[in-house]
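Structure file start-v2.cif; described as mmCIF, C-alpha atoms and all ligand atoms.
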```cif
data_input
#
loop_
_atom_site.label_atom_id
_atom_site.label_comp_id
_atom_site.auth_asym_id
_atom_site.auth_seq_id
_atom_site.Cartn_x
_atom_site.Cartn_y
_atom_site.Cartn_z
CA MET A 33 208.63 159.11 160.70
CA LYS A 34 207.80 155.92 158.82
CA PHE A 35 209.81 152.95 159.94
CA ALA A 36 209.77 149.25 159.15
CA ILE A 37 211.17 146.20 160.94
CA VAL A 38 211.62 143.15 158.78
CA ASN A 39 212.86 139.57 159.08
CA GLY A 40 212.42 139.26 162.83
CA LEU A 41 210.37 136.80 164.83
CA LEU A 42 207.55 138.79 166.35
CA TRP A 43 205.91 137.98 169.69
CA ARG A 44 202.20 138.35 169.09
CA GLN A 45 199.17 136.81 170.72
CA GLY A 46 201.24 134.32 172.67
CA ARG A 47 203.58 133.05 169.98
CA LEU A 48 206.55 133.91 167.76
CA GLU A 49 205.74 134.58 164.12
CA PRO A 50 207.95 135.73 161.22
CA LEU A 51 206.12 139.01 160.66
CA GLY A 52 207.23 142.51 159.73
CA LEU A 53 206.08 145.72 161.36
CA ALA A 54 205.17 149.08 159.88
CA LEU A 55 205.55 151.95 162.34
CA PHE A 56 204.12 155.41 161.78
CA GLN A 57 204.01 158.46 164.03
CA GLY A 58 205.17 156.47 167.03
CA ARG A 59 202.54 153.77 166.78
CA ILE A 60 202.27 150.35 165.20
CA LEU A 61 200.53 150.91 161.89
CA ALA A 62 200.48 147.36 160.56
CA ILE A 63 201.67 143.86 161.40
CA GLY A 64 202.56 141.39 158.66
CA SER A 65 202.20 142.80 155.16
CA MET A 66 203.05 146.47 154.72
CA PRO A 67 200.14 148.78 153.88
CA VAL A 68 199.82 149.72 150.22
CA GLY A 69 201.92 152.79 149.46
CA PHE A 70 203.84 152.62 152.76
CA ALA A 71 207.35 153.86 151.95
CA PRO A 72 209.45 153.72 155.14
CA ASP A 73 212.15 156.32 155.79
CA ALA A 74 214.26 153.55 157.32
CA VAL A 75 214.19 149.76 157.59
CA LEU A 76 215.67 147.71 160.41
CA ASP A 77 216.68 144.17 159.54
CA ALA A 78 215.88 142.04 162.59
CA ARG A 79 217.23 138.79 161.15
CA GLY A 80 218.13 136.42 163.95
CA ALA A 81 216.28 138.43 166.60
CA ILE A 82 212.96 138.17 168.34
CA VAL A 83 210.85 141.30 168.66
CA LEU A 84 209.17 141.80 172.03
CA PRO A 85 207.15 144.65 173.53
CA GLY A 86 209.44 147.05 175.41
CA PHE A 87 209.97 146.20 179.07
CA MET A 88 208.77 148.33 181.98
CA ASP A 89 210.07 148.89 185.50
CA LEU A 90 207.13 150.03 187.59
CA HIS A 91 209.09 150.86 190.73
CA THR A 92 212.08 153.22 190.71
CA HIS A 93 213.33 156.13 192.80
CA LEU A 94 215.28 158.71 190.78
CA GLU A 95 216.47 162.27 191.35
CA ASP A 96 214.98 162.63 194.79
CA ARG A 97 216.13 163.34 198.30
CA ILE A 98 215.57 160.59 200.84
CA GLY A 99 216.26 161.56 204.44
CA SER A 100 219.48 163.56 204.26
CA PHE A 101 220.77 161.94 201.07
CA ASP A 102 220.34 162.81 197.42
CA LEU A 103 219.83 159.71 195.29
CA ALA A 104 222.70 158.75 192.99
CA ASP A 105 220.61 158.48 189.83
CA SER A 106 219.07 161.38 187.95
CA CYS A 107 216.11 161.02 185.60
CA ARG A 108 218.64 161.07 182.78
CA SER A 109 221.02 158.39 184.05
CA GLY A 110 218.18 156.17 185.27
CA THR A 111 216.35 156.24 181.96
CA GLU A 112 219.61 155.74 180.03
CA ILE A 113 220.48 152.49 181.83
CA ALA A 114 216.86 151.49 181.22
CA VAL A 115 216.93 151.80 177.42
CA ARG A 116 220.37 150.22 177.27
CA ASN A 117 218.72 147.12 178.70
CA GLY A 118 215.43 147.04 176.82
CA ILE A 119 213.24 148.99 179.24
CA THR A 120 211.10 151.57 177.44
CA THR A 121 208.98 152.85 180.35
CA LEU A 122 209.96 153.60 183.94
CA PHE A 123 207.68 154.63 186.77
CA ASN A 124 209.03 156.87 189.48
CA PHE A 125 207.58 158.01 192.81
CA VAL A 126 206.68 161.53 193.86
CA THR A 127 206.17 162.12 197.56
CA GLN A 128 204.31 165.19 198.77
CA GLN A 129 206.52 167.04 201.25
CA PRO A 130 204.29 169.42 203.22
CA PRO A 131 203.90 172.30 203.31
CA GLU A 132 203.87 171.71 199.55
CA SER A 133 200.66 170.42 197.99
CA LEU A 134 200.48 167.25 195.94
CA ASP A 135 200.12 169.48 192.88
CA GLU A 136 203.38 171.23 193.73
CA ALA A 137 205.11 167.89 194.31
CA HIS A 138 203.85 166.68 190.95
CA ALA A 139 205.08 169.84 189.20
CA ARG A 140 208.48 169.47 190.88
CA ALA A 141 208.82 165.92 189.51
CA ARG A 142 207.72 166.98 186.04
CA ARG A 143 210.33 169.76 185.96
CA LYS A 144 213.11 167.33 186.82
CA ALA A 145 212.01 164.95 184.09
CA ALA A 146 211.51 167.48 181.30
CA GLY A 147 214.09 166.97 178.55
CA ASN A 148 215.96 164.33 180.53
CA LEU A 149 214.21 161.10 179.62
CA TRP A 150 215.75 158.42 177.45
CA CYS A 151 212.62 156.32 177.85
CA ASP A 152 208.98 157.05 178.62
CA TYR A 153 208.17 157.81 182.18
CA GLY A 154 205.24 157.72 184.54
CA LEU A 155 204.70 158.96 188.05
CA HIS A 156 203.11 157.38 191.10
CA LEU A 157 201.91 159.98 193.59
CA THR A 158 202.33 159.65 197.34
CA PRO A 159 200.02 162.04 199.21
CA THR A 160 201.13 162.61 202.80
CA ARG A 161 198.54 165.07 204.07
CA PHE A 162 194.78 164.65 203.98
CA LEU A 163 193.16 168.01 204.70
CA PRO A 164 190.02 168.84 202.67
CA ALA A 165 192.12 170.92 200.23
CA ASP A 166 194.50 167.96 199.79
CA TRP A 167 191.62 165.62 199.05
CA GLU A 168 190.34 167.99 196.42
CA ILE A 169 193.66 167.75 194.61
CA ILE A 170 193.91 163.97 195.04
CA LEU A 171 190.44 163.40 193.62
CA GLU A 172 191.07 165.84 190.78
CA LYS A 173 194.20 163.86 189.86
CA ALA A 174 192.17 160.65 189.97
CA ARG A 175 189.61 162.19 187.63
CA CYS A 176 192.46 163.18 185.28
CA GLY A 177 193.50 159.55 185.03
CA PHE A 178 196.00 159.01 187.83
CA ARG A 179 195.62 155.37 188.78
CA THR A 180 198.45 154.71 191.19
CA PHE A 181 198.56 156.52 194.51
CA LYS A 182 201.00 155.03 196.98
CA PHE A 183 200.58 154.56 200.72
CA TYR A 184 202.69 153.09 203.50
CA THR A 185 201.81 151.21 206.67
CA THR A 186 205.24 152.12 208.09
CA TYR A 187 207.78 154.98 208.22
CA ARG A 188 205.93 157.01 210.86
CA GLN A 189 208.95 159.25 211.46
CA ALA A 190 209.20 160.15 207.79
CA GLY A 191 205.55 161.21 207.82
CA LEU A 192 204.45 158.42 205.51
CA PHE A 193 202.60 156.12 207.92
CA CYS A 194 198.89 155.36 207.42
CA SER A 195 196.94 153.28 209.93
CA TYR A 196 194.67 150.49 208.65
CA GLU A 197 191.68 152.66 209.56
CA GLU A 198 193.08 155.55 207.52
CA LEU A 199 193.75 153.19 204.63
CA GLU A 200 190.13 152.10 204.68
CA THR A 201 188.94 155.69 204.25
CA ILE A 202 191.55 156.35 201.56
CA PHE A 203 190.59 153.20 199.64
CA GLN A 204 186.91 154.14 199.79
CA ARG A 205 187.44 157.62 198.40
CA LEU A 206 189.91 156.56 195.71
CA ALA A 207 187.88 153.55 194.60
CA ALA A 208 184.85 155.81 194.19
CA ALA A 209 186.98 158.06 191.97
CA GLY A 210 188.07 155.10 189.84
CA ALA A 211 191.68 155.14 191.02
CA GLY A 212 193.82 152.34 192.39
CA CYS A 213 196.48 152.23 195.07
CA LEU A 214 199.94 150.89 195.64
CA VAL A 215 200.83 149.87 199.14
CA HIS A 216 204.08 149.27 200.98
CA ALA A 217 202.98 146.63 203.48
CA GLU A 218 205.01 146.24 206.66
CA ASP A 219 203.17 146.31 209.97
CA GLU A 220 204.51 149.23 212.02
CA GLU A 221 203.73 147.63 215.37
CA THR A 222 205.59 144.44 214.50
CA LEU A 223 208.55 146.54 213.32
CA CYS A 224 208.55 148.56 216.56
CA THR A 225 208.60 145.40 218.67
CA ALA A 226 211.37 143.84 216.56
CA GLY A 227 213.45 147.04 216.57
CA SER A 228 213.28 147.52 220.32
CA ALA A 229 214.86 144.14 221.08
CA GLU A 230 218.47 143.80 222.27
CA LEU A 231 220.18 144.12 218.91
CA ASP A 232 223.71 144.73 217.70
CA PHE A 233 223.21 147.76 215.46
CA PHE A 234 226.80 147.55 214.23
CA ARG A 235 226.18 144.42 212.14
CA PRO A 236 224.25 144.65 208.84
CA PRO A 237 222.40 141.31 209.36
CA THR A 238 220.65 143.01 212.28
CA HIS A 239 218.70 145.02 209.71
CA ALA A 240 216.93 141.81 208.67
CA ARG A 241 216.03 141.16 212.36
CA MET A 242 214.60 144.68 212.62
CA ARG A 243 212.28 144.14 209.64
CA PRO A 244 211.20 140.50 210.00
CA PRO A 245 209.01 138.63 207.50
CA GLU A 246 206.16 138.63 210.02
CA ALA A 247 205.80 142.41 209.60
CA GLU A 248 205.03 142.02 205.92
CA ILE A 249 202.77 139.01 206.35
CA GLU A 250 200.81 140.74 209.12
CA ALA A 251 200.29 143.92 207.11
CA ILE A 252 199.18 142.02 204.00
CA GLY A 253 196.79 139.99 206.14
CA ARG A 254 195.30 143.19 207.59
CA ILE A 255 195.02 145.08 204.30
CA LEU A 256 193.53 142.35 202.10
CA PRO A 257 190.12 142.16 203.82
CA ILE A 258 189.79 145.95 203.59
CA ALA A 259 190.64 145.89 199.89
CA ARG A 260 188.23 143.04 199.28
CA ARG A 261 185.39 144.83 201.08
CA ILE A 262 185.90 148.00 199.07
CA GLY A 263 186.84 146.39 195.78
CA ILE A 264 189.69 148.79 195.10
CA ARG A 265 192.40 147.90 192.59
CA LEU A 266 195.33 147.38 194.90
CA HIS A 267 198.93 146.58 194.07
CA PHE A 268 201.41 145.43 196.73
CA VAL A 269 204.93 146.67 196.04
CA HIS A 270 208.11 144.67 196.76
CA VAL A 271 206.56 141.61 198.38
CA SER A 272 209.47 139.67 199.83
CA THR A 273 207.86 136.68 201.57
CA ARG A 274 206.32 133.56 200.10
CA GLU A 275 203.47 133.62 202.58
CA GLY A 276 202.65 137.23 201.74
CA ALA A 277 202.58 136.40 198.04
CA GLN A 278 200.41 133.35 198.62
CA ARG A 279 197.86 135.36 200.59
CA ILE A 280 197.66 137.90 197.78
CA ARG A 281 197.31 135.16 195.20
CA ALA A 282 194.47 133.57 197.18
CA ALA A 283 192.71 136.94 197.45
CA ARG A 284 192.81 137.40 193.66
CA GLN A 285 189.87 135.02 193.40
CA ASP A 286 187.47 137.74 194.47
CA ALA A 287 189.44 141.01 194.56
CA PRO A 288 191.44 142.99 191.97
CA VAL A 289 194.73 142.73 193.87
CA THR A 290 198.16 142.33 192.30
CA CYS A 291 201.72 142.21 193.56
CA GLU A 292 205.33 142.53 192.55
CA THR A 293 208.64 141.35 193.86
CA GLY A 294 212.15 142.50 193.02
CA PRO A 295 215.15 140.63 191.62
CA GLN A 296 217.06 141.28 194.85
CA TYR A 297 214.72 138.93 196.72
CA LEU A 298 215.06 136.27 194.00
CA PHE A 299 218.84 136.33 193.55
CA LEU A 300 220.32 137.60 196.83
CA ASP A 301 219.89 136.48 200.40
CA GLU A 302 220.96 137.45 203.88
CA SER A 303 224.46 136.00 203.37
CA TRP A 304 225.27 139.22 201.48
CA LEU A 305 224.67 141.15 204.70
CA HIS A 306 227.29 139.03 206.46
CA ARG A 307 230.05 140.26 204.13
CA ALA A 308 232.50 142.86 205.42
CA ASP A 309 230.78 145.34 203.08
CA GLY A 310 227.31 143.98 203.88
CA HIS A 311 225.94 147.46 204.60
CA ARG A 312 225.95 148.09 200.85
CA TRP A 313 223.03 145.67 200.48
CA LEU A 314 220.82 147.31 203.09
CA CYS A 315 217.39 147.83 201.61
CA SER A 316 213.80 147.62 202.82
CA PRO A 317 212.30 145.08 202.96
CA PRO A 318 215.64 143.45 203.75
CA LEU A 319 217.30 140.53 202.01
CA ARG A 320 215.95 137.41 203.68
CA SER A 321 217.03 133.82 204.33
CA ALA A 322 218.39 131.55 201.60
CA GLU A 323 215.36 129.34 202.11
CA ASN A 324 212.99 132.28 201.61
CA ARG A 325 214.91 133.32 198.48
CA ALA A 326 214.62 129.85 196.93
CA SER A 327 210.91 129.52 197.62
CA LEU A 328 210.23 133.05 196.42
CA ALA A 329 212.07 132.31 193.15
CA GLU A 330 209.94 129.21 192.71
CA ALA A 331 206.80 131.26 193.36
CA ALA A 332 207.96 133.85 190.79
CA ARG A 333 208.53 131.15 188.17
CA GLN A 334 204.94 130.06 188.79
CA GLU A 335 203.84 133.69 188.33
CA CYS A 336 202.60 134.01 191.86
CA PHE A 337 203.72 137.61 191.24
CA ASP A 338 202.09 139.67 188.52
CA LEU A 339 205.24 141.53 187.73
CA LEU A 340 208.86 142.11 188.61
CA ALA A 341 210.07 145.61 189.47
CA THR A 342 213.31 146.78 191.01
CA ASP A 343 212.62 149.37 193.73
CA HIS A 344 215.79 150.93 192.29
CA CYS A 345 216.94 153.39 194.95
CA ALA A 346 220.66 153.90 194.47
CA PHE A 347 222.82 155.94 196.84
CA ARG A 348 226.30 157.24 196.10
CA ARG A 349 229.18 155.05 197.27
CA GLN A 350 230.37 157.75 199.64
CA ASP A 351 226.91 157.98 201.19
CA LYS A 352 226.54 154.22 201.63
CA ASP A 353 230.08 153.81 202.97
CA GLY A 354 230.44 157.14 204.74
CA ALA A 355 227.66 156.73 207.27
CA SER A 356 228.65 155.65 210.76
CA ALA A 357 229.01 151.94 211.51
CA ASP A 358 225.56 152.05 213.12
CA ILE A 359 223.36 150.47 210.47
CA ARG A 360 220.47 152.75 211.42
CA THR A 361 222.38 155.63 209.80
CA VAL A 362 223.08 153.83 206.48
CA PRO A 363 220.73 154.90 203.67
CA ASN A 364 218.43 152.06 202.64
CA GLY A 365 218.24 151.14 199.01
CA ILE A 366 220.05 149.45 196.14
CA ALA A 367 220.33 149.81 192.36
CA GLY A 368 218.56 147.48 189.95
CA ILE A 369 217.16 148.98 186.73
CA GLY A 370 219.85 147.67 184.37
CA ALA A 371 219.71 144.23 185.99
CA LEU A 372 215.97 143.67 185.76
CA PRO A 373 215.56 142.22 182.24
CA HIS A 374 218.61 139.97 182.59
CA LEU A 375 217.69 138.56 185.98
CA ALA A 376 214.05 138.09 184.98
CA ALA A 377 215.16 136.21 181.87
CA GLN A 378 217.61 134.09 183.86
CA LEU A 379 214.97 133.26 186.45
CA LEU A 380 212.58 132.10 183.75
CA GLY A 381 215.11 129.90 181.96
CA TRP A 382 216.26 132.01 179.02
CA PRO A 383 217.67 131.18 176.39
CA ASN A 384 214.97 128.53 176.41
CA PRO A 385 212.21 130.20 174.34
CA GLY A 386 209.76 128.80 176.90
CA ALA A 387 210.83 131.77 179.04
CA ILE A 388 209.25 134.30 176.68
CA PRO A 389 205.56 134.16 177.68
CA SER A 390 206.26 134.76 181.37
CA LEU A 391 208.94 137.33 180.58
CA VAL A 392 206.52 139.37 178.47
CA ARG A 393 203.72 139.07 181.01
CA MET A 394 205.87 140.08 183.97
CA LEU A 395 207.97 142.82 182.33
CA SER A 396 205.58 144.26 179.72
CA GLU A 397 201.91 143.30 179.83
CA ASN A 398 201.15 143.29 183.54
CA PRO A 399 203.11 146.45 184.40
CA ALA A 400 201.17 148.20 181.63
CA ARG A 401 197.88 146.93 183.05
CA VAL A 402 198.67 147.86 186.66
CA SER A 403 199.82 151.35 185.66
CA GLY A 404 196.77 151.92 183.46
CA LEU A 405 198.77 152.16 180.22
CA TRP A 406 197.45 148.95 178.67
CA PRO A 407 196.94 148.48 175.72
CA ARG A 408 198.77 151.59 174.60
CA LYS A 409 201.89 150.00 176.01
CA GLY A 410 202.91 146.47 176.97
CA THR A 411 201.80 144.74 173.79
CA ILE A 412 202.55 144.51 170.08
CA ALA A 413 199.26 145.41 168.45
CA VAL A 414 198.05 147.78 165.75
CA GLY A 415 197.53 151.20 167.31
CA SER A 416 199.80 150.56 170.29
CA ASP A 417 202.92 152.62 170.95
CA ALA A 418 205.80 151.19 168.95
CA ASP A 419 207.94 150.43 172.02
CA LEU A 420 209.97 147.40 171.07
CA VAL A 421 213.02 145.46 172.11
CA LEU A 422 214.93 143.24 169.70
CA VAL A 423 216.63 140.35 171.46
CA GLY A 424 219.32 138.34 169.70
CA THR A 425 220.67 134.89 170.44
CA ARG A 426 224.29 135.73 171.21
CA LYS A 427 225.55 135.28 174.71
CA PRO A 428 226.51 138.72 176.03
CA GLU A 429 230.07 138.98 177.33
CA ALA A 430 229.41 141.80 179.74
CA SER A 431 228.38 141.61 183.36
CA ILE A 432 225.20 143.15 184.63
CA ARG A 433 225.34 146.87 185.24
CA SER A 434 222.46 148.05 187.41
CA SER A 435 223.17 151.77 187.19
CA LEU A 436 225.41 154.28 185.41
CA SER A 437 225.75 156.43 188.52
CA ASP A 438 228.44 156.36 191.17
CA CYS A 439 226.80 153.67 193.31
CA HIS A 440 227.81 150.17 194.32
CA GLU A 441 226.85 147.38 191.93
CA THR A 442 224.11 145.26 193.48
CA TYR A 443 224.90 142.16 191.40
CA PRO A 444 228.72 142.19 191.05
CA GLY A 445 229.95 139.65 188.50
CA PHE A 446 226.45 138.43 187.59
CA PRO A 447 226.46 137.87 183.82
CA ALA A 448 224.11 139.74 181.50
CA VAL A 449 222.04 137.09 179.71
CA LEU A 450 219.87 138.99 177.23
CA ASP A 451 221.46 140.07 173.96
CA ILE A 452 219.67 143.41 173.59
CA ARG A 453 220.28 144.34 169.95
CA ALA A 454 217.96 147.27 169.51
CA VAL A 455 215.43 149.32 171.40
CA ILE A 456 212.69 151.30 169.67
CA LEU A 457 210.83 154.00 171.58
CA ARG A 458 207.54 155.14 170.02
CA GLY A 459 208.74 154.23 166.55
CA THR A 460 212.28 155.63 166.74
CA PRO A 461 215.42 153.59 167.47
CA VAL A 462 217.11 154.85 170.64
CA MET A 463 219.70 152.08 171.03
CA LEU A 464 221.32 149.89 168.38
CA GLU A 465 223.94 147.24 169.13
CA GLY A 466 224.79 148.74 172.49
CA GLN A 467 225.12 152.30 171.17
CA LEU A 468 222.68 155.04 172.11
CA ILE A 469 221.39 156.96 169.11
CA LYS A 470 222.48 160.41 170.16
CA GLU A 471 220.30 162.13 167.58
CA ALA A 472 217.34 160.49 169.25
CA ALA A 473 218.35 162.74 172.17
CA PRO A 474 216.40 162.12 175.33
CA ARG A 475 212.99 161.86 173.70
CA GLY A 476 211.04 160.09 176.42
CA ILE A 477 207.76 161.63 177.49
CA LEU A 478 205.63 161.68 180.60
CA CYS A 479 202.87 159.18 180.08
CA GLN A 480 199.34 160.51 180.35
CA ARG A 481 196.79 157.93 181.34
CA PRO A 482 193.41 158.03 179.68
ZN ZN A 501 210.33 151.91 196.65
#
```
Give the structure from this file in structure tokens form.
Amino acid sequence: MKFAIVNGLLWRQGRLEPLGLALFQGRILAIGSMPVGFAPDAVLDARGAIVLPGFMDLHTHLEDRIGSFDLADSCRSGTEIAVRNGITTLFNFVTQQPPESLDEAHARARRKAAGNLWCDYGLHLTPTRFLPADWEIILEKARCGFRTFKFYTTYRQAGLFCSYEELETIFQRLAAAGAGCLVHAEDEETLCTAGSAELDFFRPPTHARMRPPEAEIEAIGRILPIARRIGIRLHFVHVSTREGAQRIRAARQDAPVTCETGPQYLFLDESWLHRADGHRWLCSPPLRSAENRASLAEAARQECFDLLATDHCAFRRQDKDGASADIRTVPNGIAGIGALPHLAAQLLGWPNPGAIPSLVRMLSENPARVSGLWPRKGTIAVGSDADLVLVGTRKPEASIRSSLSDCHETYPGFPAVLDIRAVILRGTPVMLEGQLIKEAAPRGILCQRP
């Protein structure tokens, strides 16, 4: 399909310019003047809108079983709320559940996604067994271009825990294969000590006592020297403390380390856990103090974080509310995909156009780099995928909607701030003026990394 976008203000090379776009076979064919003889099948008039690279959410959990609960969102509903809000690529996690191999886990995730994606989709792999046969598969995946293997320094009972010594070995082998890692950093020993104290497990704020900031700071402090020694590309997921983020930022001087935080840590604090329905906001890491929230938001505005990602992990209302009053039985996780672009824009000062550079870096460019998709995605350049979001200047009337599934809203009453007028996925419009283009059917694909 040949497609043209005209009359918009295009974000390119760090500024807005009144340039048109010619799109062909899913990619950007030309920027500015149309190529000679280019006769588009359709033209989109972007008057009054700015044209940005499509947004990405690098951290979601969809269509999976966690503990004894099925997640509320399927691949289809999760990717639909994404494109409705300008996100054109989501990354989901696949955890190996022995006796299955990592290959089998990967195939299982691909089957769920097939034909059900409204946006493009990538997978992070979480190996949980490290026998020689497992390593063969892990290294084969790395050779095939998998860049993002995820590891945990906690969740021993769920079979996810890796000691710092084990991480060192893993980093060595993956770095040698050219892969990178994602790490969930909370120090298991600190968590065990905190969780064994005299605590009232019938009050949601106790959850924040059980997973204190020190656990995250300690783990980051232990992992960084290992990463620096080995030189592995390492990305810290959902960093929720200012000190943790500062340590990572300092380490960037001489190590390829990056980090993300989520909008929940920038807009919500522990006071939400004190509500009568506070259990609905139980997530890990937990919501922290108001002071931590404010300083984290300041750090995010200064781009102490490379990117923002949601850790979307929505449970059904009945599962969140139906557990016993003991908070240790409540499933941990909240929704966020649909909120991400709006809250990021709000944080950065939108509708002030000064928000755009940071918004594009944190929602498009850097997620594409960390996932290994740059420059195919995350930028508006000739040859790149034509994943685009057209943002208007109207003030949306709706409130944020984080998910289309039957889960509790994480940000009730928070206003949507971005006027998402159109979303283009690999050269084809998938959403126009709030309406999904049904003929576009779910046409998202699984991203292959070179
Ligand atoms: Zn997660």
Identify, counting all atoms listed in the file, the protein, DNA and RNA residues located within 12 Å of ligand ZN 501 (chain A), and give them as a count of residues only. 43
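For the residues A:Ala472, A:Ala371, A:Glu465, A:Arg349, ranking by smallest atom-to-atom distance to Pro444 of chain A using all atoms listed in the file places A:Ala371 first.
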Which distance in Å separates atom CA of Asp135 of chain A and atom CA of Pro159 of chain A, to one decimal? 9.8 Å
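What separates atom CA of Ala141 of chain A from atom CA of Leu155 of chain A is a distance of 8.2 Å.
Taking atom CA of Asp102 of chain A as the reference point, atom CA of Pro363 of chain A is found at 10.1 Å.
Distances to Leu422 of chain A were evaluated for A:Glu172, A:Glu197, A:Glu49, A:Asp77 using all atoms listed in the file, and the minimum falls at A:Asp77.
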Segment 199-201 of chain A surroundings by only C-alpha atoms, 12 Å radius, close-in-sequence under 2 positions cut, as an NGL selection string: :A and (162 or 167 or 181-185 or 192-197 or 203-208 or 213-217 or 251 or 254-264 or 266)
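Considering only C-alpha atoms, the residue among A:Leu42, A:Leu171, A:Ala418, A:Ala387 positioned nearest to Gly212 of chain A is A:Leu171.
With all atoms listed in the file as the atoms that count, the residue of A:Ile119, A:Ala114, A:Ala400, A:Met33 with the shortest distance to Leu339 of chain A is A:Ala400.
Of the listed residues (A:Ser133, A:Leu305, A:His138, A:Gly445), A:Ser133 comes nearest to Pro164 of chain A; the distances count all atoms listed in the file.
Using all atoms listed in the file for every distance, the candidate list A:His239, A:Arg426, A:Arg143, A:Arg161 yields A:Arg161 as the residue closest to Ile202 of chain A.
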Could you give me, as a PyMOL selection string, the residues within 8 Å of Lys409 of chain A, counting only C-alpha atoms and dropping anything in the same chain fewer than 5 positions from it? chain A and resi 85+396-397+400+416-417+419
Using all atoms listed in the file, determine which residues lie at most 9 Å from Leu464 of chain A, disregarding the query and same-chain residues fewer than 3 positions distant; provide the list as an MDAnalysis selection string. chainID A and resid 116 452:456 461 467:469
Mind working out the centre and edge lengths of an axis-aligned box for segment 453-472 of chain A, all listed atoms inside, 5 Å added to each side, rounded to one decimal in Å and written as AutoDock Vina command-line options?
```
--center_x 216.3 --center_y 153.2 --center_z 169.5 --size_x 27.6 --size_y 27.8 --size_z 15.9
```
Could you add all heavy atoms to segment 57-61 of chain A and give me the result as a CSV table (one decimal), in the coordinates of the input?
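Dumped to part.csv:
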```csv
chain,number,residue,atom,x,y,z
A,57,GLN,N,204.3,157.5,163.0
A,57,GLN,CA,204.0,158.5,164.0
A,57,GLN,C,204.0,157.8,165.4
A,57,GLN,O,203.1,158.1,166.2
A,57,GLN,CB,202.7,159.1,163.7
A,57,GLN,CG,202.8,160.0,162.5
A,57,GLN,CD,201.5,160.8,162.2
A,57,GLN,OE1,200.4,160.4,162.6
A,57,GLN,NE2,201.7,161.9,161.4
A,58,GLY,N,205.0,157.0,165.7
A,58,GLY,CA,205.2,156.5,167.0
A,58,GLY,C,204.3,155.3,167.4
A,58,GLY,O,204.5,154.7,168.4
A,59,ARG,N,203.4,154.9,166.5
A,59,ARG,CA,202.5,153.8,166.8
A,59,ARG,C,202.8,152.6,165.8
A,59,ARG,O,203.4,152.8,164.8
A,59,ARG,CB,201.1,154.2,166.7
A,59,ARG,CG,200.7,155.4,167.5
A,59,ARG,CD,200.0,155.1,168.8
A,59,ARG,NE,199.7,156.2,169.6
A,59,ARG,CZ,198.7,156.3,170.3
A,59,ARG,NH1,197.8,155.4,170.4
A,59,ARG,NH2,198.5,157.4,171.1
A,60,ILE,N,202.2,151.5,166.1
A,60,ILE,CA,202.3,150.4,165.2
A,60,ILE,C,201.1,150.5,164.2
A,60,ILE,O,200.0,150.6,164.6
A,60,ILE,CB,202.2,149.0,166.0
A,60,ILE,CG1,203.4,148.9,166.9
A,60,ILE,CG2,202.1,147.9,165.0
A,60,ILE,CD1,203.3,147.7,167.8
A,61,LEU,N,201.5,150.7,162.9
A,61,LEU,CA,200.5,150.9,161.9
A,61,LEU,C,200.0,149.6,161.3
A,61,LEU,O,198.8,149.5,161.0
A,61,LEU,CB,201.2,151.8,160.8
A,61,LEU,CG,200.3,152.0,159.5
A,61,LEU,CD1,199.2,153.0,159.9
A,61,LEU,CD2,201.2,152.7,158.4
```
